[in-house]
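Dropping final.cif in here (mmCIF, C-alpha atoms; chains and numbers go by the auth columns):
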data_entry
#
loop_
_atom_site.group_PDB
_atom_site.id
_atom_site.type_symbol
_atom_site.label_atom_id
_atom_site.label_comp_id
_atom_site.label_asym_id
_atom_site.label_seq_id
_atom_site.Cartn_x
_atom_site.Cartn_y
_atom_site.Cartn_z
_atom_site.B_iso_or_equiv
_atom_site.auth_seq_id
_atom_site.auth_asym_id
ATOM 1 C CA MET A 1 22.791 -2.943 -21.736 0.00 1 O
ATOM 2 C CA ASP A 2 24.287 -6.280 -22.779 0.00 2 O
ATOM 3 C CA ARG A 3 23.998 -9.882 -21.564 0.00 3 O
ATOM 4 C CA ASP A 4 26.922 -9.630 -19.142 0.00 4 O
ATOM 5 C CA SER A 5 25.528 -6.423 -17.614 0.00 5 O
ATOM 6 C CA ALA A 6 22.141 -8.079 -17.111 0.00 6 O
ATOM 7 C CA LEU A 7 23.740 -11.098 -15.417 0.00 7 O
ATOM 8 C CA GLU A 8 25.754 -8.746 -13.204 0.00 8 O
ATOM 9 C CA ILE A 9 22.542 -6.946 -12.164 0.00 9 O
ATOM 10 C CA LEU A 10 20.975 -10.299 -11.224 0.00 10 O
ATOM 11 C CA ARG A 11 23.996 -11.238 -9.109 0.00 11 O
ATOM 12 C CA LYS A 12 24.224 -7.790 -7.454 0.00 12 O
ATOM 13 C CA ASN A 13 20.597 -8.242 -6.404 0.00 13 O
ATOM 14 C CA ASN A 14 21.335 -11.668 -4.899 0.00 14 O
ATOM 15 C CA VAL A 15 19.063 -13.577 -7.265 0.00 15 O
ATOM 16 C CA GLN A 16 19.297 -17.295 -6.494 0.00 16 O
ATOM 17 C CA GLU A 17 21.269 -19.427 -8.941 0.00 17 O
ATOM 18 C CA ASN A 18 18.246 -21.565 -9.886 0.00 18 O
ATOM 19 C CA VAL A 19 16.347 -18.374 -10.820 0.00 19 O
ATOM 20 C CA ILE A 20 19.313 -17.180 -12.891 0.00 20 O
ATOM 21 C CA GLU A 21 19.312 -20.554 -14.668 0.00 21 O
ATOM 22 C CA HIS A 22 15.592 -20.127 -15.378 0.00 22 O
ATOM 23 C CA CYS A 23 16.114 -16.577 -16.660 0.00 23 O
ATOM 24 C CA THR A 24 18.962 -17.755 -18.888 0.00 24 O
ATOM 25 C CA ALA A 25 16.786 -20.510 -20.372 0.00 25 O
ATOM 26 C CA VAL A 26 13.941 -18.025 -20.972 0.00 26 O
ATOM 27 C CA SER A 27 16.357 -15.587 -22.596 0.00 27 O
ATOM 28 C CA GLU A 28 17.800 -18.247 -24.919 0.00 28 O
ATOM 29 C CA LEU A 29 14.341 -19.369 -26.035 0.00 29 O
ATOM 30 C CA ALA A 30 13.076 -15.792 -26.412 0.00 30 O
ATOM 31 C CA VAL A 31 16.052 -14.955 -28.631 0.00 31 O
ATOM 32 C CA GLU A 32 15.394 -18.060 -30.768 0.00 32 O
ATOM 33 C CA ILE A 33 11.757 -17.012 -31.194 0.00 33 O
ATOM 34 C CA ALA A 34 12.739 -13.399 -31.927 0.00 34 O
ATOM 35 C CA LYS A 35 15.208 -14.483 -34.616 0.00 35 O
ATOM 36 C CA LYS A 36 12.453 -16.492 -36.336 0.00 36 O
ATOM 37 C CA ILE A 37 10.154 -13.480 -36.167 0.00 37 O
ATOM 38 C CA LYS A 38 12.863 -11.187 -37.542 0.00 38 O
ATOM 39 C CA ALA A 39 13.526 -13.667 -40.389 0.00 39 O
ATOM 40 C CA ARG A 40 9.867 -13.171 -41.375 0.00 40 O
ATOM 41 C CA LYS A 41 10.671 -9.445 -41.775 0.00 41 O
ATOM 42 C CA HIS A 42 9.013 -8.253 -38.571 0.00 42 O
ATOM 43 C CA ASN A 43 10.673 -5.461 -36.635 0.00 43 O
ATOM 44 C CA ILE A 44 11.865 -6.824 -33.289 0.00 44 O
ATOM 45 C CA ASP A 45 14.717 -5.845 -30.943 0.00 45 O
ATOM 46 C CA ILE A 46 16.650 -9.064 -30.311 0.00 46 O
ATOM 47 C CA ASN A 47 19.268 -7.443 -28.047 0.00 47 O
ATOM 48 C CA PHE A 48 16.570 -5.976 -25.818 0.00 48 O
ATOM 49 C CA ILE A 49 14.781 -9.337 -25.695 0.00 49 O
ATOM 50 C CA GLU A 50 17.974 -11.058 -24.558 0.00 50 O
ATOM 51 C CA THR A 51 18.607 -8.685 -21.651 0.00 51 O
ATOM 52 C CA ALA A 52 14.988 -8.107 -20.638 0.00 52 O
ATOM 53 C CA ALA A 53 14.337 -11.863 -20.581 0.00 53 O
ATOM 54 C CA LEU A 54 17.390 -12.325 -18.377 0.00 54 O
ATOM 55 C CA LEU A 55 15.996 -9.721 -15.967 0.00 55 O
ATOM 56 C CA HIS A 56 12.282 -10.647 -16.088 0.00 56 O
ATOM 57 C CA ASP A 57 12.371 -12.481 -12.715 0.00 57 O
ATOM 58 C CA ILE A 58 14.755 -10.180 -10.836 0.00 58 O
ATOM 59 C CA GLY A 59 11.914 -9.463 -8.401 0.00 59 O
ATOM 60 C CA ARG A 60 12.287 -13.038 -7.133 0.00 60 O
ATOM 61 C CA SER A 61 15.235 -11.702 -5.157 0.00 61 O
ATOM 62 C CA ARG A 62 12.563 -10.181 -2.879 0.00 62 O
ATOM 63 C CA THR A 63 9.585 -12.545 -3.199 0.00 63 O
ATOM 64 C CA HIS A 64 8.516 -15.629 -5.108 0.00 64 O
ATOM 65 C CA GLY A 65 4.864 -14.595 -4.920 0.00 65 O
ATOM 66 C CA ILE A 66 2.771 -12.804 -7.527 0.00 66 O
ATOM 67 C CA ARG A 67 4.301 -9.490 -6.458 0.00 67 O
ATOM 68 C CA HIS A 68 7.688 -10.474 -7.905 0.00 68 O
ATOM 69 C CA GLY A 69 6.717 -8.648 -11.095 0.00 69 O
ATOM 70 C CA ILE A 70 6.049 -5.414 -9.188 0.00 70 O
ATOM 71 C CA GLU A 71 9.219 -5.844 -7.143 0.00 71 O
ATOM 72 C CA GLY A 72 11.216 -6.462 -10.316 0.00 72 O
ATOM 73 C CA ALA A 73 9.836 -3.289 -11.871 0.00 73 O
ATOM 74 C CA GLU A 74 10.886 -1.362 -8.766 0.00 74 O
ATOM 75 C CA ILE A 75 14.413 -2.779 -8.941 0.00 75 O
ATOM 76 C CA MET A 76 14.595 -1.943 -12.652 0.00 76 O
ATOM 77 C CA LYS A 77 12.997 1.520 -12.385 0.00 77 O
ATOM 78 C CA ASP A 78 16.065 3.161 -13.970 0.00 78 O
ATOM 79 C CA HIS A 79 15.453 0.965 -17.034 0.00 79 O
ATOM 80 C CA PRO A 80 11.737 1.562 -17.735 0.00 80 O
ATOM 81 C CA LEU A 81 11.391 -0.840 -20.684 0.00 81 O
ATOM 82 C CA HIS A 82 12.977 -3.647 -18.677 0.00 82 O
ATOM 83 C CA ALA A 83 10.729 -2.733 -15.724 0.00 83 O
ATOM 84 C CA ARG A 84 7.653 -3.142 -17.954 0.00 84 O
ATOM 85 C CA VAL A 85 8.756 -6.660 -18.889 0.00 85 O
ATOM 86 C CA CYS A 86 9.086 -7.528 -15.195 0.00 86 O
ATOM 87 C CA GLU A 87 5.507 -6.382 -14.596 0.00 87 O
ATOM 88 C CA ARG A 88 3.938 -7.866 -17.721 0.00 88 O
ATOM 89 C CA HIS A 89 5.354 -11.394 -17.953 0.00 89 O
ATOM 90 C CA LEU A 90 3.112 -12.964 -15.281 0.00 90 O
ATOM 91 C CA GLY A 91 0.703 -15.602 -16.576 0.00 91 O
ATOM 92 C CA GLY A 92 -0.400 -14.429 -19.982 0.00 92 O
ATOM 93 C CA GLY A 93 -0.576 -10.955 -18.501 0.00 93 O
ATOM 94 C CA ILE A 94 -2.943 -9.746 -15.796 0.00 94 O
ATOM 95 C CA ALA A 95 -5.984 -7.546 -16.426 0.00 95 O
ATOM 96 C CA LYS A 96 -6.769 -4.671 -14.066 0.00 96 O
ATOM 97 C CA GLU A 97 -9.699 -6.435 -12.383 0.00 97 O
ATOM 98 C CA GLU A 98 -7.570 -9.514 -11.690 0.00 98 O
ATOM 99 C CA ALA A 99 -4.721 -7.355 -10.425 0.00 99 O
ATOM 100 C CA VAL A 100 -7.009 -5.806 -7.822 0.00 100 O
ATOM 101 C CA GLU A 101 -8.259 -9.265 -6.756 0.00 101 O
ATOM 102 C CA LEU A 102 -4.629 -10.390 -6.396 0.00 102 O
ATOM 103 C CA GLY A 103 -3.734 -7.369 -4.261 0.00 103 O
ATOM 104 C CA LEU A 104 -1.661 -5.676 -6.961 0.00 104 O
ATOM 105 C CA PRO A 105 -1.948 -1.996 -7.870 0.00 105 O
ATOM 106 C CA GLY A 106 -5.093 -1.564 -9.982 0.00 106 O
ATOM 107 C CA ARG A 107 -3.854 -1.400 -13.543 0.00 107 O
ATOM 108 C CA ASP A 108 -3.361 -3.697 -16.518 0.00 108 O
ATOM 109 C CA TYR A 109 -0.238 -5.865 -16.605 0.00 109 O
ATOM 110 C CA LEU A 110 -0.819 -7.206 -20.107 0.00 110 O
ATOM 111 C CA PRO A 111 2.127 -7.507 -22.499 0.00 111 O
ATOM 112 C CA GLU A 112 1.694 -4.940 -25.266 0.00 112 O
ATOM 113 C CA THR A 113 4.858 -4.715 -27.332 0.00 113 O
ATOM 114 C CA LEU A 114 6.064 -7.602 -29.468 0.00 114 O
ATOM 115 C CA GLU A 115 9.147 -7.873 -27.282 0.00 115 O
ATOM 116 C CA GLU A 116 7.024 -8.092 -24.107 0.00 116 O
ATOM 117 C CA LYS A 117 4.852 -10.763 -25.727 0.00 117 O
ATOM 118 C CA VAL A 118 7.823 -12.864 -26.857 0.00 118 O
ATOM 119 C CA ILE A 119 9.361 -12.805 -23.371 0.00 119 O
ATOM 120 C CA CYS A 120 6.045 -13.615 -21.701 0.00 120 O
ATOM 121 C CA TYR A 121 5.551 -16.475 -24.166 0.00 121 O
ATOM 122 C CA ALA A 122 9.068 -17.860 -23.743 0.00 122 O
ATOM 123 C CA ASP A 123 8.613 -17.751 -19.964 0.00 123 O
ATOM 124 C CA LYS A 124 5.514 -19.946 -20.316 0.00 124 O
ATOM 125 C CA LEU A 125 7.565 -22.523 -22.237 0.00 125 O
ATOM 126 C CA ILE A 126 10.259 -22.869 -19.565 0.00 126 O
ATOM 127 C CA ASP A 127 9.624 -24.760 -16.326 0.00 127 O
ATOM 128 C CA GLY A 128 12.643 -24.273 -14.113 0.00 128 O
ATOM 129 C CA ASN A 129 15.309 -24.422 -16.794 0.00 129 O
ATOM 130 C CA ARG A 130 13.566 -27.097 -18.895 0.00 130 O
ATOM 131 C CA ARG A 131 11.596 -26.443 -22.069 0.00 131 O
ATOM 132 C CA VAL A 132 7.969 -27.577 -21.997 0.00 132 O
ATOM 133 C CA THR A 133 5.155 -27.589 -24.522 0.00 133 O
ATOM 134 C CA ILE A 134 2.348 -25.074 -24.515 0.00 134 O
ATOM 135 C CA GLU A 135 0.010 -27.962 -23.683 0.00 135 O
ATOM 136 C CA GLU A 136 2.004 -28.738 -20.528 0.00 136 O
ATOM 137 C CA THR A 137 1.863 -25.083 -19.520 0.00 137 O
ATOM 138 C CA ILE A 138 -1.881 -24.839 -20.108 0.00 138 O
ATOM 139 C CA GLY A 139 -2.386 -28.035 -18.102 0.00 139 O
ATOM 140 C CA LYS A 140 -0.411 -26.577 -15.204 0.00 140 O
ATOM 141 C CA PHE A 141 -2.490 -23.382 -15.234 0.00 141 O
ATOM 142 C CA ARG A 142 -5.743 -25.387 -15.466 0.00 142 O
ATOM 143 C CA ARG A 143 -4.782 -27.380 -12.379 0.00 143 O
ATOM 144 C CA ARG A 144 -3.752 -24.249 -10.500 0.00 144 O
ATOM 145 C CA LEU A 145 -6.502 -21.823 -11.563 0.00 145 O
ATOM 146 C CA GLY A 146 -9.364 -23.959 -12.848 0.00 146 O
ATOM 147 C CA PRO A 147 -10.260 -25.009 -16.388 0.00 147 O
ATOM 148 C CA ARG A 148 -11.982 -21.791 -17.464 0.00 148 O
ATOM 149 C CA HIS A 149 -9.703 -19.144 -15.975 0.00 149 O
ATOM 150 C CA GLN A 150 -9.081 -16.168 -18.244 0.00 150 O
ATOM 151 C CA THR A 151 -5.300 -16.616 -17.891 0.00 151 O
ATOM 152 C CA ILE A 152 -5.590 -19.826 -19.912 0.00 152 O
ATOM 153 C CA GLN A 153 -7.389 -17.988 -22.704 0.00 153 O
ATOM 154 C CA ARG A 154 -4.722 -15.260 -22.714 0.00 154 O
ATOM 155 C CA ILE A 155 -1.941 -17.860 -22.925 0.00 155 O
ATOM 156 C CA LYS A 156 -3.713 -19.568 -25.824 0.00 156 O
ATOM 157 C CA ARG A 157 -4.111 -16.240 -27.655 0.00 157 O
ATOM 158 C CA LEU A 158 -0.444 -15.432 -27.031 0.00 158 O
ATOM 159 C CA ASP A 159 0.532 -18.843 -28.419 0.00 159 O
ATOM 160 C CA GLU A 160 -1.584 -18.273 -31.537 0.00 160 O
ATOM 161 C CA GLU A 161 -0.148 -14.794 -32.066 0.00 161 O
ATOM 162 C CA ILE A 162 3.497 -15.823 -31.722 0.00 162 O
ATOM 163 C CA ARG A 163 3.061 -18.985 -33.813 0.00 163 O
ATOM 164 C CA GLY A 164 1.378 -16.858 -36.461 0.00 164 O
ATOM 165 C CA LEU A 165 4.504 -14.713 -36.668 0.00 165 O
ATOM 166 C CA ILE A 166 6.940 -17.611 -37.042 0.00 166 O
ATOM 167 C CA ASP A 167 5.027 -20.288 -38.984 0.00 167 O
#
Translate the structure of the given file into structure tokens.
Amino acid sequence: MDRDSALEILRKNNVQENVIEHCTAVSELAVEIAKKIKARKHNIDINFIETAALLHDIGRSRTHGIRHGIEGAEIMKDHPLHARVCERHLGGGIAKEEAVELGLPGRDYLPETLEEKVICYADKLIDGNRRVTIEETIGKFRRRLGPRHQTIQRIKRLDEEIRGLID
């Protein structure tokens, strides 16, 4: 799959233009991060990151709620690696116990591969189609979920891991 194919899939699924703009911004940032990681001699699939980041919010064509990750995975079921990104980009990932509390199927939705982590991270640094700092993102999650929510700790760990690969 290439960039144009991913954009075509978004349009065929009637994804709103503002969501496509967000996905494009996430993809551009994720590719920038991936190139820095690759320059440090880490093995990372930049082409996959570009397309999977474009498609990470395809489930928003059905819902803008927490289930958009599950819906996106369903839409992308013929592309299992892309489907995993749809499921695992929410917050800093969602643990099984949280998933059950949120009404999602009871399993972990934590990013595991480097590519999944980079896309999840890039998504946290884009608000709409605007780049934000990790501090702004953490502040937003604190206001929404409370100051000690485990999502905040996962986002901080993700930030440390990715920065450790590029600094």
>> Can you tell me which residues surround region 143-155 of chain O at a distance of at most 12 Å, considering all atoms listed in the file, apart from same-chain residues fewer than 3 positions away, and format the answer as a ChimeraX atom specification?
In response: /O:89-95,97-99,109-111,117-118,120-125,134-140,158-162
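Checking O:Glu32, O:Asp2, O:Glu71, O:Glu21 one by one against Ile119 (chain O), counting all atoms listed in the file, you find the shortest gap at O:Glu32.
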> At most 12 Å from (11.3, -8.6, -19.3), file frame, all atoms listed in the file: which residues, as a ChimeraX atom specification?
Replying inline: /O:6,23-24,26-27,30,47-59,69-70,72-73,76,79-90,111-123
> What does the PyMOL selection byres ((chain O and resi 40) around 12) select in this file, as JSON, numbers by chain?
Replying inline: {"O": [33, 34, 35, 36, 37, 38, 39, 41, 42, 43, 44, 162, 163, 164, 165, 166, 167]}
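Considering the residues O:Asn13, O:Ser5, O:Asn18, O:Thr133 and counting only C-alpha atoms, Arg62 (chain O) has its shortest atom-to-atom contact with O:Asn13.
Put simply, CA of Arg67 (chain O) is 14.3 Å away from CA of Lys96 (chain O).
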> Could you pull the residues within 8 Å of Ala25 (chain O), counting only C-alpha atoms, minus those fewer than 5 positions along the same chain, as a PyMOL selection string?
Replying inline: chain O and resi 126+129-130
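The coordinates place CA of Phe141 (chain O) at 24.9 Å from CA of Glu17 (chain O).
Nearest residue to Ile75 (chain O), choosing from O:Val15, O:Arg131, O:Met1, O:Leu102 and counting all atoms listed in the file: O:Val15.
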> Quick one: distance from CA of Asp108 (chain O) to CA of Gly128 (chain O) in Å, one decimal?
Replying inline: 26.2 Å
Mind working out the centre and edge lengths of an axis-aligned box for region 42-51 of chain O, all listed atoms inside, 6 Å added to each side, rounded to one decimal in Å and written as JSON?
{"center_x": 14.1, "center_y": -8.3, "center_z": -30.1, "size_x": 22.3, "size_y": 17.6, "size_z": 28.9}
>> Under the rule that all atoms listed in the file are counted, which of O:Arg157, O:Ile20, O:Leu104, O:Lys77 is the nearest residue to Arg60 (chain O)?
In response: O:Ile20
Any chance you could turn region 86-110 of chain O into a file with N, CA and C atoms, as a PDB file, in the first residue's frame?
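Result file is selection33.pdb:
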ATOM      1  N   CYS O  86      -4.882   0.953  14.216  1.00  0.00           N
ATOM      2  CA  CYS O  86      -6.166   1.587  14.530  1.00  0.00           C
ATOM      3  C   CYS O  86      -6.561   1.305  15.976  1.00  0.00           C
ATOM      4  N   GLU O  87      -6.406   0.069  16.402  1.00  0.00           N
ATOM      5  CA  GLU O  87      -6.787  -0.327  17.759  1.00  0.00           C
ATOM      6  C   GLU O  87      -5.857   0.212  18.831  1.00  0.00           C
ATOM      7  N   ARG O  88      -4.584   0.377  18.524  1.00  0.00           N
ATOM      8  CA  ARG O  88      -3.576   0.605  19.562  1.00  0.00           C
ATOM      9  C   ARG O  88      -3.072   2.041  19.660  1.00  0.00           C
ATOM     10  N   HIS O  89      -3.680   2.970  18.946  1.00  0.00           N
ATOM     11  CA  HIS O  89      -3.180   4.351  18.994  1.00  0.00           C
ATOM     12  C   HIS O  89      -3.884   5.210  20.043  1.00  0.00           C
ATOM     13  N   LEU O  90      -4.926   4.694  20.660  1.00  0.00           N
ATOM     14  CA  LEU O  90      -5.746   5.482  21.594  1.00  0.00           C
ATOM     15  C   LEU O  90      -4.988   5.782  22.877  1.00  0.00           C
ATOM     16  N   GLY O  91      -5.021   7.030  23.313  1.00  0.00           N
ATOM     17  CA  GLY O  91      -4.297   7.426  24.519  1.00  0.00           C
ATOM     18  C   GLY O  91      -2.840   7.059  24.365  1.00  0.00           C
ATOM     19  N   GLY O  92      -2.289   6.435  25.348  1.00  0.00           N
ATOM     20  CA  GLY O  92      -0.944   5.871  25.248  1.00  0.00           C
ATOM     21  C   GLY O  92      -1.051   4.367  25.122  1.00  0.00           C
ATOM     22  N   GLY O  93      -2.220   3.927  24.649  1.00  0.00           N
ATOM     23  CA  GLY O  93      -2.596   2.524  24.650  1.00  0.00           C
ATOM     24  C   GLY O  93      -3.587   2.300  25.786  1.00  0.00           C
ATOM     25  N   ILE O  94      -4.329   1.228  25.709  1.00  0.00           N
ATOM     26  CA  ILE O  94      -5.335   0.928  26.730  1.00  0.00           C
ATOM     27  C   ILE O  94      -5.106  -0.489  27.239  1.00  0.00           C
ATOM     28  N   ALA O  95      -4.959  -0.629  28.547  1.00  0.00           N
ATOM     29  CA  ALA O  95      -4.788  -1.944  29.167  1.00  0.00           C
ATOM     30  C   ALA O  95      -6.137  -2.663  29.220  1.00  0.00           C
ATOM     31  N   LYS O  96      -6.081  -3.970  29.331  1.00  0.00           N
ATOM     32  CA  LYS O  96      -7.282  -4.808  29.317  1.00  0.00           C
ATOM     33  C   LYS O  96      -8.323  -4.351  30.335  1.00  0.00           C
ATOM     34  N   GLU O  97      -7.896  -4.084  31.560  1.00  0.00           N
ATOM     35  CA  GLU O  97      -8.846  -3.694  32.610  1.00  0.00           C
ATOM     36  C   GLU O  97      -9.573  -2.396  32.240  1.00  0.00           C
ATOM     37  N   GLU O  98      -8.811  -1.443  31.709  1.00  0.00           N
ATOM     38  CA  GLU O  98      -9.402  -0.177  31.265  1.00  0.00           C
ATOM     39  C   GLU O  98     -10.366  -0.404  30.117  1.00  0.00           C
ATOM     40  N   ALA O  99      -9.960  -1.269  29.187  1.00  0.00           N
ATOM     41  CA  ALA O  99     -10.803  -1.556  28.022  1.00  0.00           C
ATOM     42  C   ALA O  99     -12.178  -2.040  28.472  1.00  0.00           C
ATOM     43  N   VAL O 100     -12.185  -2.947  29.433  1.00  0.00           N
ATOM     44  CA  VAL O 100     -13.458  -3.468  29.945  1.00  0.00           C
ATOM     45  C   VAL O 100     -14.280  -2.343  30.559  1.00  0.00           C
ATOM     46  N   GLU O 101     -13.632  -1.484  31.366  1.00  0.00           N
ATOM     47  CA  GLU O 101     -14.336  -0.347  31.982  1.00  0.00           C
ATOM     48  C   GLU O 101     -14.916   0.593  30.939  1.00  0.00           C
ATOM     49  N   LEU O 102     -14.226   0.708  29.787  1.00  0.00           N
ATOM     50  CA  LEU O 102     -14.674   1.604  28.718  1.00  0.00           C
ATOM     51  C   LEU O 102     -15.689   0.953  27.780  1.00  0.00           C
ATOM     52  N   GLY O 103     -16.002  -0.323  28.035  1.00  0.00           N
ATOM     53  CA  GLY O 103     -16.967  -1.024  27.196  1.00  0.00           C
ATOM     54  C   GLY O 103     -16.375  -1.596  25.920  1.00  0.00           C
ATOM     55  N   LEU O 104     -15.052  -1.717  25.881  1.00  0.00           N
ATOM     56  CA  LEU O 104     -14.377  -2.315  24.731  1.00  0.00           C
ATOM     57  C   LEU O 104     -14.173  -3.798  24.988  1.00  0.00           C
ATOM     58  N   PRO O 105     -13.967  -4.587  23.923  1.00  0.00           N
ATOM     59  CA  PRO O 105     -13.653  -6.000  24.142  1.00  0.00           C
ATOM     60  C   PRO O 105     -12.457  -6.135  25.081  1.00  0.00           C
ATOM     61  N   GLY O 106     -12.518  -7.097  25.996  1.00  0.00           N
ATOM     62  CA  GLY O 106     -11.534  -7.247  27.056  1.00  0.00           C
ATOM     63  C   GLY O 106     -10.208  -7.803  26.606  1.00  0.00           C
ATOM     64  N   ARG O 107      -9.374  -6.926  26.087  1.00  0.00           N
ATOM     65  CA  ARG O 107      -7.998  -7.287  25.737  1.00  0.00           C
ATOM     66  C   ARG O 107      -7.139  -6.020  25.777  1.00  0.00           C
ATOM     67  N   ASP O 108      -5.834  -6.221  25.736  1.00  0.00           N
ATOM     68  CA  ASP O 108      -4.916  -5.080  25.724  1.00  0.00           C
ATOM     69  C   ASP O 108      -4.928  -4.400  24.367  1.00  0.00           C
ATOM     70  N   TYR O 109      -4.856  -3.077  24.390  1.00  0.00           N
ATOM     71  CA  TYR O 109      -4.750  -2.254  23.185  1.00  0.00           C
ATOM     72  C   TYR O 109      -3.506  -1.369  23.335  1.00  0.00           C
ATOM     73  N   LEU O 110      -2.427  -1.968  23.758  1.00  0.00           N
ATOM     74  CA  LEU O 110      -1.179  -1.250  23.986  1.00  0.00           C
ATOM     75  C   LEU O 110      -0.295  -1.374  22.753  1.00  0.00           C
TER      76      LEU O 110
END
